[in-house]
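**Student:** This is the content of data.cif (mmCIF, C-alpha atoms and all ligand atoms):
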data_final
loop_
_atom_site.label_atom_id
_atom_site.label_comp_id
_atom_site.auth_asym_id
_atom_site.auth_seq_id
_atom_site.Cartn_x
_atom_site.Cartn_y
_atom_site.Cartn_z
CA MET A 1 24.98 6.31 -4.90
CA GLU A 2 26.30 9.40 -6.69
CA GLN A 3 24.44 12.73 -6.57
CA ILE A 4 21.15 12.43 -8.47
CA GLN A 5 19.77 15.17 -10.70
CA LEU A 6 15.96 15.07 -10.32
CA LYS A 7 14.00 15.98 -13.44
CA LYS A 8 10.43 17.32 -13.59
CA ASN A 9 9.30 15.01 -16.35
CA ALA A 10 10.96 11.90 -14.96
CA PRO A 11 8.64 9.13 -13.70
CA ILE A 12 7.44 8.65 -10.13
CA GLY A 13 8.53 5.27 -8.75
CA VAL A 14 5.82 3.22 -7.04
CA PHE A 15 6.92 0.18 -5.10
CA ASP A 16 5.16 -2.76 -3.45
CA SER A 17 5.90 -6.37 -2.58
CA GLY A 18 3.55 -7.37 -5.41
CA VAL A 19 0.36 -6.14 -7.07
CA GLY A 20 -1.18 -4.43 -3.99
CA GLY A 21 0.42 -1.04 -4.64
CA ILE A 22 -1.79 -0.74 -7.73
CA SER A 23 -4.52 0.44 -5.31
CA VAL A 24 -2.25 3.43 -4.54
CA LEU A 25 -1.15 3.92 -8.17
CA LYS A 26 -4.84 4.34 -9.07
CA GLU A 27 -5.16 7.22 -6.60
CA LEU A 28 -1.92 8.78 -7.88
CA ILE A 29 -3.16 8.69 -11.47
CA LYS A 30 -6.51 10.15 -10.41
CA ILE A 31 -4.92 13.28 -8.99
CA MET A 32 -1.76 13.45 -11.18
CA PRO A 33 -2.82 12.02 -14.57
CA ARG A 34 -0.07 13.79 -16.51
CA GLU A 35 2.77 12.22 -14.54
CA ASN A 36 4.66 9.16 -15.77
CA TYR A 37 4.99 6.19 -13.41
CA ILE A 38 7.23 3.13 -13.00
CA TYR A 39 5.42 0.50 -10.97
CA TYR A 40 7.72 -2.14 -9.48
CA GLY A 41 6.39 -5.24 -7.69
CA ASP A 42 8.75 -7.56 -5.84
CA SER A 43 6.60 -10.66 -6.33
CA LEU A 44 9.68 -12.88 -6.28
CA HIS A 45 10.09 -12.15 -2.57
CA ALA A 46 6.41 -11.66 -1.63
CA PRO A 47 4.87 -11.83 0.88
CA TYR A 48 6.77 -9.24 2.91
CA GLY A 49 4.29 -9.32 5.79
CA THR A 50 5.55 -12.61 7.19
CA LYS A 51 9.28 -11.74 6.87
CA THR A 52 11.60 -10.14 9.43
CA LEU A 53 12.11 -6.40 9.63
CA GLU A 54 15.71 -6.74 8.41
CA GLN A 55 14.67 -8.76 5.34
CA VAL A 56 11.96 -6.26 4.35
CA ARG A 57 14.27 -3.31 4.97
CA SER A 58 17.05 -4.65 2.79
CA LEU A 59 14.71 -5.69 -0.06
CA THR A 60 12.96 -2.30 -0.03
CA ARG A 61 16.26 -0.45 0.07
CA ALA A 62 17.66 -2.37 -2.89
CA HIS A 63 14.55 -1.82 -5.04
CA ALA A 64 14.33 1.87 -4.11
CA GLU A 65 17.92 2.38 -5.21
CA GLU A 66 17.20 0.56 -8.46
CA LEU A 67 14.25 2.87 -9.16
CA PHE A 68 16.39 5.94 -8.49
CA GLN A 69 19.09 4.58 -10.85
CA ARG A 70 16.35 4.28 -13.46
CA GLY A 71 15.66 7.99 -13.03
CA ALA A 72 12.64 8.10 -10.69
CA LYS A 73 12.19 11.65 -9.36
CA GLY A 74 10.35 10.45 -6.27
CA LEU A 75 9.21 7.25 -4.61
CA VAL A 76 5.91 6.08 -3.22
CA VAL A 77 6.41 3.07 -0.96
CA ALA A 78 2.94 1.68 -1.72
CA CYS A 79 3.21 -1.02 0.91
CA ASN A 80 2.37 -0.55 4.59
CA THR A 81 4.78 -3.33 5.58
CA ALA A 82 7.76 -1.88 3.68
CA THR A 83 6.88 1.61 4.95
CA SER A 84 7.02 0.56 8.58
CA ALA A 85 10.30 -1.30 8.01
CA ALA A 86 12.18 1.05 5.71
CA VAL A 87 10.80 4.50 4.99
CA ARG A 88 12.75 6.25 7.76
CA VAL A 89 16.03 4.66 6.62
CA LEU A 90 15.33 5.55 2.97
CA ARG A 91 14.67 9.18 3.83
CA GLU A 92 17.96 9.34 5.75
CA GLU A 93 19.84 7.80 2.88
CA PHE A 94 18.24 9.76 0.03
CA PRO A 95 17.37 13.10 1.67
CA GLN A 96 17.15 14.99 -1.64
CA ILE A 97 14.42 12.71 -3.10
CA PRO A 98 10.71 13.01 -2.20
CA ILE A 99 9.86 9.67 -0.56
CA VAL A 100 6.34 8.99 0.70
CA GLY A 101 5.14 5.90 2.53
CA ILE A 102 1.67 4.63 3.35
CA GLU A 103 0.31 3.95 6.79
CA PRO A 104 -2.97 2.40 7.91
CA ALA A 105 -5.78 4.98 7.87
CA VAL A 106 -6.39 4.78 11.63
CA LYS A 107 -6.90 8.53 12.01
CA PRO A 108 -9.97 8.95 9.77
CA ALA A 109 -11.43 5.65 11.00
CA ALA A 110 -11.07 6.63 14.65
CA THR A 111 -12.19 10.24 14.31
CA CYS A 112 -15.13 10.01 11.90
CA MET A 113 -17.67 9.08 14.60
CA GLU A 114 -18.32 9.09 18.34
CA ASN A 115 -17.02 6.03 20.27
CA PRO A 116 -15.89 4.03 17.25
CA ARG A 117 -14.95 0.37 17.41
CA VAL A 118 -12.27 0.10 14.73
CA LEU A 119 -10.83 -3.07 13.22
CA VAL A 120 -7.34 -2.64 11.70
CA MET A 121 -6.59 -5.38 9.16
CA ALA A 122 -2.89 -5.61 8.21
CA THR A 123 0.00 -8.02 7.68
CA PRO A 124 1.57 -9.69 10.74
CA MET A 125 4.66 -7.48 10.38
CA THR A 126 2.74 -4.20 10.20
CA ILE A 127 0.74 -5.25 13.28
CA ARG A 128 3.94 -6.14 15.18
CA GLU A 129 5.83 -2.94 14.34
CA GLU A 130 6.20 0.07 16.64
CA LYS A 131 4.85 2.48 13.98
CA LEU A 132 1.32 1.03 14.10
CA LYS A 133 1.41 0.57 17.87
CA GLN A 134 2.15 4.28 18.26
CA LEU A 135 -0.56 5.24 15.80
CA ILE A 136 -3.12 3.13 17.66
CA ALA A 137 -1.99 4.56 21.03
CA LYS A 138 -2.46 8.08 19.65
CA TYR A 139 -6.14 7.50 18.89
CA SER A 140 -7.06 4.95 21.54
CA ASP A 141 -8.83 7.57 23.68
CA ARG A 142 -11.32 8.01 20.80
CA GLY A 143 -12.65 4.48 21.02
CA GLU A 144 -11.65 0.84 20.77
CA ILE A 145 -9.03 -0.01 18.12
CA ILE A 146 -8.50 -3.71 17.41
CA PRO A 147 -5.47 -4.87 15.35
CA LEU A 148 -6.09 -8.00 13.27
CA PRO A 149 -3.17 -9.75 11.52
CA CYS A 150 -4.30 -11.31 8.23
CA PRO A 151 -1.54 -13.74 7.14
CA GLY A 152 -2.30 -15.19 3.72
CA LEU A 153 -4.87 -12.59 2.64
CA MET A 154 -2.50 -10.87 0.20
CA ASP A 155 -1.89 -14.20 -1.55
CA PHE A 156 -5.48 -14.29 -2.85
CA VAL A 157 -4.94 -10.91 -4.51
CA GLU A 158 -1.55 -11.99 -5.90
CA ARG A 159 -3.35 -14.91 -7.55
CA GLY A 160 -6.00 -12.57 -8.93
CA ASP A 161 -8.67 -14.24 -6.78
CA LEU A 162 -10.90 -11.35 -5.68
CA GLU A 163 -14.24 -13.13 -5.34
CA GLY A 164 -13.75 -16.89 -5.19
CA GLU A 165 -15.15 -19.36 -2.66
CA ASP A 166 -11.77 -19.98 -0.96
CA LEU A 167 -11.41 -16.26 -0.34
CA ARG A 168 -14.97 -16.10 1.04
CA ARG A 169 -14.21 -18.99 3.40
CA TYR A 170 -10.96 -17.37 4.54
CA LEU A 171 -12.58 -13.98 5.23
CA THR A 172 -15.71 -15.45 6.82
CA GLU A 173 -13.55 -17.31 9.32
CA LEU A 174 -11.15 -14.41 9.91
CA LEU A 175 -13.96 -11.91 10.49
CA TYR A 176 -16.41 -14.22 12.29
CA GLU A 177 -15.79 -12.61 15.72
CA TYR A 178 -16.75 -9.20 14.28
CA THR A 179 -20.03 -10.42 12.90
CA ILE A 180 -20.96 -11.48 16.46
CA HIS A 181 -19.47 -8.39 18.16
CA PRO A 182 -19.69 -5.82 15.36
CA VAL A 183 -17.24 -3.00 14.63
CA ASN A 184 -18.33 0.26 13.03
CA SER A 185 -15.23 0.91 10.98
CA VAL A 186 -12.49 -1.10 9.29
CA VAL A 187 -9.02 0.01 8.21
CA LEU A 188 -7.56 -1.84 5.24
CA GLY A 189 -3.94 -1.55 6.43
CA CYS A 190 -2.31 -3.38 3.52
CA THR A 191 -2.40 -2.10 -0.06
CA HIS A 192 -3.60 -5.48 -1.33
CA TYR A 193 -6.79 -5.37 0.73
CA PRO A 194 -8.75 -2.65 -1.13
CA PHE A 195 -9.11 -5.25 -3.90
CA VAL A 196 -11.16 -7.47 -1.55
CA LYS A 197 -13.07 -4.58 0.02
CA ASP A 198 -16.42 -5.66 -1.46
CA MET A 199 -16.23 -9.06 0.18
CA VAL A 200 -15.16 -7.58 3.55
CA GLN A 201 -18.13 -5.21 3.30
CA GLU A 202 -20.49 -8.03 2.42
CA ILE A 203 -19.38 -10.11 5.41
CA LEU A 204 -19.37 -7.27 7.98
CA GLY A 205 -22.43 -5.45 6.68
CA SER A 206 -23.14 -2.34 4.63
CA GLU A 207 -23.25 -0.03 7.67
CA VAL A 208 -19.54 -0.58 8.41
CA ALA A 209 -17.30 2.27 7.15
CA ILE A 210 -14.15 1.07 5.37
CA PHE A 211 -10.97 3.16 5.05
CA ASP A 212 -7.64 2.83 3.30
CA GLY A 213 -4.62 5.12 3.04
CA GLY A 214 -4.27 5.26 -0.77
CA GLU A 215 -5.83 8.66 -1.39
CA GLY A 216 -3.99 10.38 1.48
CA THR A 217 -0.69 8.94 0.27
CA ALA A 218 -1.27 10.19 -3.27
CA ARG A 219 -2.13 13.66 -1.98
CA GLU A 220 1.03 13.70 0.14
CA MET A 221 3.16 12.78 -2.90
CA ARG A 222 1.63 15.59 -4.94
CA ARG A 223 2.33 18.02 -2.07
CA ARG A 224 5.96 16.87 -1.78
CA LEU A 225 6.57 17.13 -5.54
CA GLU A 226 4.97 20.55 -5.69
CA GLU A 227 7.09 21.75 -2.79
CA ALA A 228 10.23 20.49 -4.56
CA GLY A 229 9.19 22.10 -7.89
CA LEU A 230 9.07 18.63 -9.42
CA LEU A 231 5.50 18.37 -10.74
CA THR A 232 5.50 17.59 -14.45
CA ASP A 233 4.86 20.35 -16.97
CA ALA A 234 3.57 17.84 -19.57
CA GLU A 235 0.16 18.63 -21.01
CA THR A 236 -0.86 15.17 -22.08
CA GLU A 237 -1.71 12.02 -20.15
CA GLY A 238 1.31 10.22 -18.69
CA THR A 239 2.33 6.59 -19.08
CA VAL A 240 2.78 3.66 -16.70
CA VAL A 241 5.66 1.21 -17.05
CA PHE A 242 5.23 -2.02 -15.10
CA ASP A 243 8.12 -4.11 -13.86
CA ASN A 244 8.43 -7.07 -11.52
CA SER A 245 11.21 -9.12 -9.95
CA LEU A 246 9.86 -12.36 -11.43
CA SER A 247 11.07 -13.46 -14.85
CA GLY A 248 9.74 -15.10 -18.01
CA GLU A 249 6.12 -16.17 -18.25
CA ALA A 250 5.49 -15.61 -14.51
CA LYS A 251 6.56 -11.98 -14.86
CA GLU A 252 4.33 -11.43 -17.89
CA GLN A 253 1.36 -12.89 -16.02
CA LYS A 254 1.99 -10.66 -13.01
CA ILE A 255 2.20 -7.57 -15.19
CA ALA A 256 -1.03 -8.57 -16.94
CA LEU A 257 -2.68 -8.82 -13.49
CA CYS A 258 -1.33 -5.35 -12.60
CA ARG A 259 -2.94 -3.90 -15.73
CA LYS A 260 -6.23 -5.65 -14.95
CA LEU A 261 -6.27 -4.39 -11.36
CA LEU A 262 -5.50 -0.86 -12.52
CA GLU A 263 -8.55 -0.96 -14.77
CA LYS A 264 -10.84 -2.48 -12.13
CA LYS A 265 -13.37 -0.02 -10.70
N1 LIG A 301 0.97 -4.79 0.21
C1 LIG A 301 1.70 -4.91 1.40
C2 LIG A 301 1.24 -3.96 2.50
O1 LIG A 301 0.66 -2.93 2.20
C3 LIG A 301 2.07 -6.22 1.99
C4 LIG A 301 1.78 -7.51 1.42
C5 LIG A 301 2.85 -8.52 1.78
O2 LIG A 301 3.82 -8.58 1.04
O3 LIG A 301 2.70 -9.21 2.81
O4 LIG A 301 1.48 -4.19 3.66
#
Take the structure in this file and express it as structure tokens.
Ligand code: DGL
**Tutor:**
Amino acid sequence: MEQIQLKKNAPIGVFDSGVGGISVLKELIKIMPRENYIYYGDSLHAPYGTKTLEQVRSLTRAHAEELFQRGAKGLVVACNTATSAAVRVLREEFPQIPIVGIEPAVKPAATCMENPRVLVMATPMTIREEKLKQLIAKYSDRGEIIPLPCPGLMDFVERGDLEGEDLRRYLTELLYEYTIHPVNSVVLGCTHYPFVKDMVQEILGSEVAIFDGGEGTAREMRRRLEEAGLLTDAETEGTVVFDNSLSGEAKEQKIALCRKLLEKK
């Protein structure tokens, strides 16, 4: 890719395998409302969490490059799975562009109380990858940290099912063990999961603390843009452009779901 000229008032690219990254976009807009955003979901190839590392790396790379060609001045990889597979490679390849990934919020969950028992919910790939293993090892002297792969959970969110009976059945079964042997904190280690937080809370109980990495990721992006002198100087509210790898009616429906999720409290 030829040398890119980064512009202050260009949009920030936000990428996920589908609609999950909207949970991170919300946090970005909260702290940088005057920025413009391009949100790109690769729903055509979702889920990423059950693919191989090489597949996720090459999909993420291709979409990142596309966003830079479209003028993005920075990139938030709003997907834990794509971050563990590709963020290091992207930073090597595009060293002049601020690129921020998201990782499961193990640190706050493991350090917010004495002897925590922490459940880390994430996709099978995130759970398998070295990045999370190292993060868990780093905090394992603080308490017990239990990784829980959740294959299929993102699909409920992709369908817009955030409170249906099938979802309740799925989560009740998945989390059954932790209703018998309770945990005191939960990490939502996939950007789709904050949209089912209420149901997780309901099943595990109101005393369980739930964490996700969205806010920290947004703060890191603001820091990186500020450092690079790339924060917008616009004085009015920015815009969000949604795009998706699907086409036709399916694409329109996905974008409508993105808008709905962005508005959800
Ligand atoms: N939203 C993604 C994450 O944060 C993954 C969902 C998927 O494609 O499996 O890990």
**Student:** Do a neighbour search on Val56 of chain A at 8 Å with all atoms listed in the file, toss out local chain neighbours closer than 2 positions, and write the hits as a list in words.
**Tutor:**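 So the residues in contact are Tyr48, Lys51, Thr52, Leu53, Glu54, Ser58, Leu59, Thr60, Thr81, Ala82, Ala85 and Ala86 of chain A.
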**Student:** Could you please extract the residues within 6 Å of ligand LIG 301 (chain A), counting all atoms listed in the file, and hand them back as a list in words?
**Tutor:**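 Result of the 6 Å neighbour search around ligand LIG 301 (chain A): Asp16, Ser17, Gly20, Ala46, Pro47, Tyr48, Gly49, Cys79, Asn80, Thr81, Thr123, Met154, Cys190, Thr191 and His192 of chain A.
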**Student:** When you look at Leu262 of chain A with a cut-off of 12 Å (counting only C-alpha atoms), what residues show up, excluding the ones that are within fewer than 3 positions of it in the same chain? I need them as a VMD selection string.
**Tutor:** chain A and resid 19 to 30 39 194 to 195 240 242 255 to 259 265
**Student:** Counting all atoms listed in the file, find residues at most 7 Å from (3.7, 5.3, -5.3) (file frame) and give them as a VMD selection string.
**Tutor:** chain A and resid 12 to 15 24 to 25 75 to 78
**Student:** Tell me, as a PyMOL selection string, which residues lie within 12 Å of Glu130 of chain A, counting all atoms listed in the file; anything in the same chain fewer than 4 positions away does not count.
**Tutor:** chain A and resi 53+81+83-85+125-126+134-137
**Student:** Go ahead and dump the residues you just picked, C-alpha atoms, as an mmCIF file, in the coordinates of the input.
**Tutor:**
data_model
loop_
_atom_site.group_PDB
_atom_site.id
_atom_site.type_symbol
_atom_site.label_atom_id
_atom_site.label_comp_id
_atom_site.auth_asym_id
_atom_site.auth_seq_id
_atom_site.Cartn_x
_atom_site.Cartn_y
_atom_site.Cartn_z
ATOM 1 C CA LEU A 53 12.110 -6.400 9.630
ATOM 2 C CA THR A 81 4.780 -3.330 5.580
ATOM 3 C CA THR A 83 6.880 1.610 4.950
ATOM 4 C CA SER A 84 7.020 0.560 8.580
ATOM 5 C CA ALA A 85 10.300 -1.300 8.010
ATOM 6 C CA MET A 125 4.660 -7.480 10.380
ATOM 7 C CA THR A 126 2.740 -4.200 10.200
ATOM 8 C CA GLN A 134 2.150 4.280 18.260
ATOM 9 C CA LEU A 135 -0.560 5.240 15.800
ATOM 10 C CA ILE A 136 -3.120 3.130 17.660
ATOM 11 C CA ALA A 137 -1.990 4.560 21.030
#
**Student:** Given the choices A:Arg88, A:Lys133, A:His63, A:Arg219, which gets closest to Tyr40 of chain A if the distance is worked out from only C-alpha atoms?
**Tutor:**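 For Tyr40 of chain A, the nearest of the candidates is A:His63.
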**Student:** Counting all atoms listed in the file, what is within 10 Å of Leu175 of chain A, bar same-chain residues fewer than 3 positions away, as number ranges by chain?
**Tutor:** A: 119, 121, 148, 150, 170-172, 178-180, 182, 200, 203-204
